[in-house]
file my_file06.tsv (TSV, C-alpha atoms)
chain	number	residue	atom	x	y	z
Z	19	MET	CA	-18.04	31.60	-13.65
Z	20	LYS	CA	-14.65	33.18	-14.22
Z	21	GLN	CA	-12.88	29.85	-14.00
Z	22	ILE	CA	-14.97	28.32	-16.75
Z	23	ILE	CA	-14.24	31.28	-19.03
Z	24	LYS	CA	-10.53	30.77	-18.44
Z	25	ILE	CA	-10.72	27.05	-19.17
Z	26	LEU	CA	-12.85	27.63	-22.26
Z	27	SER	CA	-10.49	30.27	-23.62
Z	28	ILE	CA	-7.51	27.97	-23.07
Z	29	LEU	CA	-9.36	25.16	-24.87
Z	30	ILE	CA	-10.27	27.46	-27.76
Z	31	ALA	CA	-6.68	28.68	-28.04
Z	32	ILE	CA	-5.39	25.11	-28.12
Z	33	ALA	CA	-8.01	24.13	-30.71
Z	34	ALA	CA	-7.13	27.13	-32.87
Z	35	PHE	CA	-3.43	26.30	-32.62
Z	36	TRP	CA	-4.17	22.69	-33.52
Z	37	ILE	CA	-6.34	23.59	-36.51
Z	38	GLY	CA	-3.67	26.00	-37.65
Z	39	LEU	CA	-1.09	23.23	-37.46
Z	40	LEU	CA	-3.42	20.90	-39.34
Z	41	GLU	CA	-4.05	23.43	-42.10
Z	42	SER	CA	-0.54	24.76	-42.50
Z	43	SER	CA	1.01	21.26	-42.33
Z	44	VAL	CA	4.37	22.45	-41.04
Z	45	VAL	CA	4.80	19.06	-39.42
Z	46	PRO	CA	3.47	15.85	-41.00
Z	47	ARG	CA	-0.26	15.36	-40.66
Z	48	SER	CA	-0.05	12.06	-38.78
Z	49	ASN	CA	1.93	13.77	-36.04
Z	50	THR	CA	-0.48	16.65	-35.74
Z	51	TRP	CA	-3.28	14.18	-35.18
Z	52	LEU	CA	-1.46	12.93	-32.09
Z	53	LEU	CA	-1.60	16.30	-30.33
Z	54	PRO	CA	-5.02	15.89	-28.59
Z	55	ILE	CA	-4.04	12.46	-27.32
Z	56	TYR	CA	-0.78	13.92	-26.16
Z	57	LEU	CA	-2.65	16.65	-24.30
Z	58	ILE	CA	-4.91	14.09	-22.62
Z	59	VAL	CA	-1.93	11.97	-21.62
Z	60	SER	CA	-0.11	14.98	-20.19
Z	61	LEU	CA	-3.25	16.00	-18.29
Z	62	GLY	CA	-3.41	12.50	-16.80
Z	63	CYS	CA	0.26	12.67	-15.89
Z	64	TYR	CA	-0.29	16.07	-14.25
Z	65	GLY	CA	-3.17	14.65	-12.21
Z	66	LEU	CA	-1.11	11.66	-11.13
Z	67	LEU	CA	1.80	13.92	-10.23
Z	68	MET	CA	-0.44	16.18	-8.17
Z	69	VAL	CA	-1.88	13.16	-6.33
Z	70	GLY	CA	1.63	11.87	-5.66
Z	71	VAL	CA	2.88	15.23	-4.42
Z	72	GLY	CA	-0.22	15.60	-2.25
Z	73	LEU	CA	0.39	12.17	-0.75
Z	74	MET	CA	4.03	12.98	-0.13
Z	75	LYS	CA	3.32	16.33	1.53
Z	76	PHE	CA	0.21	15.27	3.39
Z	77	PRO	CA	0.20	17.42	6.53
Z	78	THR	CA	0.01	15.45	9.77
Z	79	CYS	CA	0.28	16.87	13.25
Z	80	PRO	CA	1.07	14.09	15.77
Z	81	GLN	CA	1.41	16.53	18.67
Z	82	GLU	CA	-2.08	17.84	18.10
Z	83	ALA	CA	-3.37	14.27	17.89
Z	84	GLY	CA	-1.79	13.47	21.27
Z	85	LEU	CA	-3.30	16.60	22.81
Z	86	LEU	CA	-6.71	15.68	21.40
Z	87	GLN	CA	-6.51	12.17	22.82
Z	88	LYS	CA	-5.60	13.65	26.20
Z	89	ASP	CA	-8.60	15.98	26.00
Z	90	VAL	CA	-10.87	13.07	25.15
Z	91	ALA	CA	-9.63	11.08	28.13
Z	92	GLU	CA	-10.07	14.10	30.40
Z	93	ALA	CA	-13.61	14.70	29.20
Z	94	LYS	CA	-14.49	11.04	29.70
Z	95	GLU	CA	-13.17	11.15	33.23
Z	96	PHE	CA	-15.13	14.31	33.93
Z	97	LEU	CA	-18.37	12.86	32.57
Z	98	LYS	CA	-17.89	9.63	34.46
Z	99	GLN	CA	-17.63	11.56	37.68
Z	100	ARG	CA	-20.96	13.20	36.92
Z	101	GLY	CA	-22.54	9.82	36.34
Z	102	ILE	CA	-22.94	9.90	32.55
Z	103	ASP	CA	-22.10	6.67	30.75
Z	104	VAL	CA	-19.52	7.20	27.99
Z	105	ALA	CA	-17.79	3.83	28.24
Z	106	SER	CA	-17.73	3.15	24.51
Z	107	ASP	CA	-14.10	2.85	23.50
K	15	MET	CA	1.58	4.09	7.81
K	16	GLU	CA	2.82	7.58	7.13
K	17	LEU	CA	5.99	6.28	5.57
K	18	ALA	CA	4.03	3.94	3.31
K	19	ASP	CA	1.83	6.83	2.14
K	20	ARG	CA	4.90	8.88	1.43
K	21	ALA	CA	6.49	6.02	-0.52
K	22	VAL	CA	3.32	5.56	-2.56
K	23	GLY	CA	3.23	9.28	-3.32
K	24	PHE	CA	6.87	9.25	-4.37
K	25	LEU	CA	6.23	6.23	-6.60
K	26	LEU	CA	3.22	7.91	-8.22
K	27	SER	CA	5.24	11.06	-8.91
K	28	ILE	CA	8.10	9.07	-10.41
K	29	ILE	CA	5.71	7.03	-12.58
K	30	SER	CA	3.88	10.08	-13.87
K	31	LEU	CA	7.07	11.98	-14.60
K	32	SER	CA	8.62	9.04	-16.43
K	33	ILE	CA	5.47	8.43	-18.49
K	34	PHE	CA	5.33	12.12	-19.37
K	35	THR	CA	8.99	12.23	-20.38
K	36	TYR	CA	8.78	9.07	-22.45
K	37	TYR	CA	5.59	10.11	-24.19
K	38	THR	CA	6.92	13.60	-24.92
K	39	LEU	CA	10.04	12.11	-26.44
K	40	TRP	CA	7.96	9.66	-28.41
K	41	VAL	CA	5.34	12.02	-29.80
K	42	VAL	CA	6.92	15.46	-29.95
K	43	ILE	CA	10.63	14.98	-30.47
K	44	LEU	CA	10.89	11.71	-32.37
K	45	PRO	CA	9.27	12.91	-35.64
K	46	PHE	CA	12.10	15.41	-36.03
K	47	VAL	CA	14.81	12.77	-35.65
K	48	ASP	CA	16.08	10.94	-38.73
K	49	SER	CA	14.34	7.63	-39.17
K	50	ASP	CA	17.61	5.68	-39.30
K	51	HIS	CA	18.85	7.08	-36.01
K	52	PHE	CA	19.64	4.48	-33.34
K	53	ILE	CA	17.16	6.05	-30.90
K	54	HIS	CA	14.27	4.65	-32.92
K	55	LYS	CA	15.14	1.21	-31.62
K	56	TYR	CA	13.88	2.17	-28.14
K	57	PHE	CA	10.42	3.27	-29.28
K	58	LEU	CA	7.51	1.38	-30.74
K	59	PRO	CA	6.08	2.51	-34.09
K	60	GLN	CA	3.99	5.68	-34.09
K	61	ASP	CA	0.72	3.76	-34.40
K	62	TYR	CA	1.08	2.53	-30.84
K	63	ALA	CA	1.35	6.10	-29.57
K	64	ILE	CA	-2.35	6.48	-30.28
K	65	LEU	CA	-3.39	2.87	-29.62
K	66	ILE	CA	-1.96	2.46	-26.12
K	67	PRO	CA	-3.49	5.61	-24.53
K	68	VAL	CA	-6.89	4.91	-26.09
K	69	PHE	CA	-6.77	1.30	-24.91
K	70	ALA	CA	-5.68	2.36	-21.43
K	71	GLY	CA	-8.45	4.95	-21.31
K	72	VAL	CA	-11.08	2.40	-22.32
K	73	VAL	CA	-9.81	-0.07	-19.72
K	74	LEU	CA	-9.84	2.67	-17.07
K	75	LEU	CA	-13.40	3.66	-17.97
K	76	CYS	CA	-14.51	0.01	-17.80
K	77	LEU	CA	-12.92	-0.45	-14.38
K	78	LEU	CA	-14.54	2.76	-13.16
K	79	SER	CA	-17.96	1.65	-14.37
K	80	VAL	CA	-17.56	-1.76	-12.75
K	81	PHE	CA	-16.52	-0.11	-9.49
K	82	ILE	CA	-19.47	2.29	-9.54
K	83	GLY	CA	-21.86	-0.55	-10.29
K	84	PHE	CA	-20.36	-2.61	-7.48
K	85	VAL	CA	-20.76	0.24	-5.01
K	86	MET	CA	-24.36	0.85	-6.09
K	87	LEU	CA	-25.22	-2.83	-5.71
K	88	LYS	CA	-23.66	-2.89	-2.27
K	89	SER	CA	-25.49	0.22	-1.08
K	90	LYS	CA	-28.79	-1.15	-2.36
K	91	LYS	CA	-28.26	-4.37	-0.49
K	92	LYS	CA	-27.52	-2.48	2.68
K	93	LYS	CA	-30.67	-0.41	2.36
K	94	ALA	CA	-32.95	-3.44	1.88
call {"tool": "encode", "arguments": {"input": "my_file06.tsv", "output": "structure tokens"}}
result
Amino acid sequence: MKQIIKILSILIAIAAFWIGLLESSVVPRSNTWLLPIYLIVSLGCYGLLMVGVGLMKFPTCPQEAGLLQKDVAEAKEFLKQRGIDVASD
Amino acid sequence: MELADRAVGFLLSIISLSIFTYYTLWVVILPFVDSDHFIHKYFLPQDYAILIPVFAGVVLLCLLSVFIGFVMLKSKKKKA
């Protein structure tokens, strides 16, 4: 609930700023009209950047994977001794 | 595999940063530069600044819809 209030207030602030720019016409009108598109494009770029950074810093732990494989093999051996069929590799 | 993922992530970051820089230059900074400055040669007219993102968004939406439809068709076939 709090998050949505934050997002909404940010949106309202941006809209107010944009309408103010439109009304006051400090910069030419055709450029002010580009601002929402610019915001959407920058949001897309931010998303792409976050995906890229997440891919680059994706945490892997090869040692843990090796330990897990060893545990799996051990468990299979143990179960086979007790006569339970787990021979699905 | 890990290296390929990392390379793809690096490429995505570079692409997004370059698009952001270029678009910021194009939309925010260029209107304040004189119109006979040489830098205007490297940018398309302002109309394209609104046309290209809208076109790209429409294409993206179409691809997404096609993908979702494809997945739904596939899942239905599997269920039957």
call {"tool": "closest_atom_pairs", "arguments": {"input": "my_file06.tsv", "of": "chain K", "to": "chain Z", "cutoff": "7 Å", "atoms": "all atoms listed in the file", "output": "Markdown table"}}
result
| residue | atom | partner | partner_atom | distance |
| --- | --- | --- | --- | --- |
| K:Asp19 | CA | Z:Leu73 | CA | 6.2 |
| K:Arg20 | CA | Z:Met74 | CA | 4.5 |
| K:Gly23 | CA | Z:Gly70 | CA | 3.8 |
| K:Phe24 | CA | Z:Gly70 | CA | 6.0 |
| K:Leu26 | CA | Z:Gly70 | CA | 5.0 |
| K:Ser27 | CA | Z:Leu67 | CA | 4.7 |
| K:Ser30 | CA | Z:Cys63 | CA | 4.9 |
| K:Leu31 | CA | Z:Cys63 | CA | 7.0 |
| K:Phe34 | CA | Z:Cys63 | CA | 6.2 |
| K:Ile64 | CA | Z:Leu52 | CA | 6.8 |
call {"tool": "atom_distance", "arguments": {"input": "my_file06.tsv", "atom1": "CA of Ile37 in chain Z", "atom2": "CA of Pro45 in chain K"}}
result
18.9 Å
call {"tool": "atom_distance", "arguments": {"input": "my_file06.tsv", "atom1": "CA of Val41 in chain K", "atom2": "CA of Leu75 in chain K"}}
result
23.7 Å
call {"tool": "atom_distance", "arguments": {"input": "my_file06.tsv", "atom1": "CA of Val90 in chain Z", "atom2": "CA of Glu16 in chain K"}}
result
23.3 Å
call {"tool": "decode", "arguments": {"input": "my_file06.tsv", "residues": "range 35-47 of chain K", "atoms": "N, CA and C atoms", "output": "short mmCIF file (atom, residue, chain, number, x, y, z; two decimals), in the first residue's frame"}}
result
data_model
loop_
_atom_site.label_atom_id
_atom_site.label_comp_id
_atom_site.auth_asym_id
_atom_site.auth_seq_id
_atom_site.Cartn_x
_atom_site.Cartn_y
_atom_site.Cartn_z
N THR K 35 21.84 7.63 -23.41
CA THR K 35 22.67 8.80 -23.67
C THR K 35 22.26 9.49 -24.96
N TYR K 36 22.08 8.68 -26.01
CA TYR K 36 21.75 9.25 -27.31
C TYR K 36 20.41 9.95 -27.26
N TYR K 37 19.44 9.30 -26.61
CA TYR K 37 18.09 9.87 -26.58
C TYR K 37 18.07 11.13 -25.72
N THR K 38 18.82 11.12 -24.61
CA THR K 38 18.88 12.32 -23.78
C THR K 38 19.47 13.48 -24.55
N LEU K 39 20.56 13.20 -25.26
CA LEU K 39 21.18 14.24 -26.08
C LEU K 39 20.18 14.78 -27.09
N TRP K 40 19.46 13.83 -27.71
CA TRP K 40 18.57 14.17 -28.81
C TRP K 40 17.40 15.02 -28.33
N VAL K 41 16.78 14.61 -27.21
CA VAL K 41 15.52 15.21 -26.80
C VAL K 41 15.73 16.39 -25.86
N VAL K 42 16.69 16.24 -24.93
CA VAL K 42 16.78 17.25 -23.87
C VAL K 42 17.77 18.36 -24.24
N ILE K 43 18.91 17.96 -24.80
CA ILE K 43 19.98 18.95 -24.96
C ILE K 43 19.91 19.63 -26.33
N LEU K 44 19.50 18.87 -27.35
CA LEU K 44 19.57 19.40 -28.70
C LEU K 44 18.70 20.64 -28.93
N PRO K 45 17.50 20.76 -28.33
CA PRO K 45 16.72 21.98 -28.57
C PRO K 45 17.41 23.26 -28.13
N PHE K 46 18.39 23.14 -27.23
CA PHE K 46 19.05 24.35 -26.75
C PHE K 46 20.33 24.66 -27.53
N VAL K 47 20.61 23.84 -28.54
CA VAL K 47 21.77 24.09 -29.38
C VAL K 47 21.30 24.82 -30.63
#
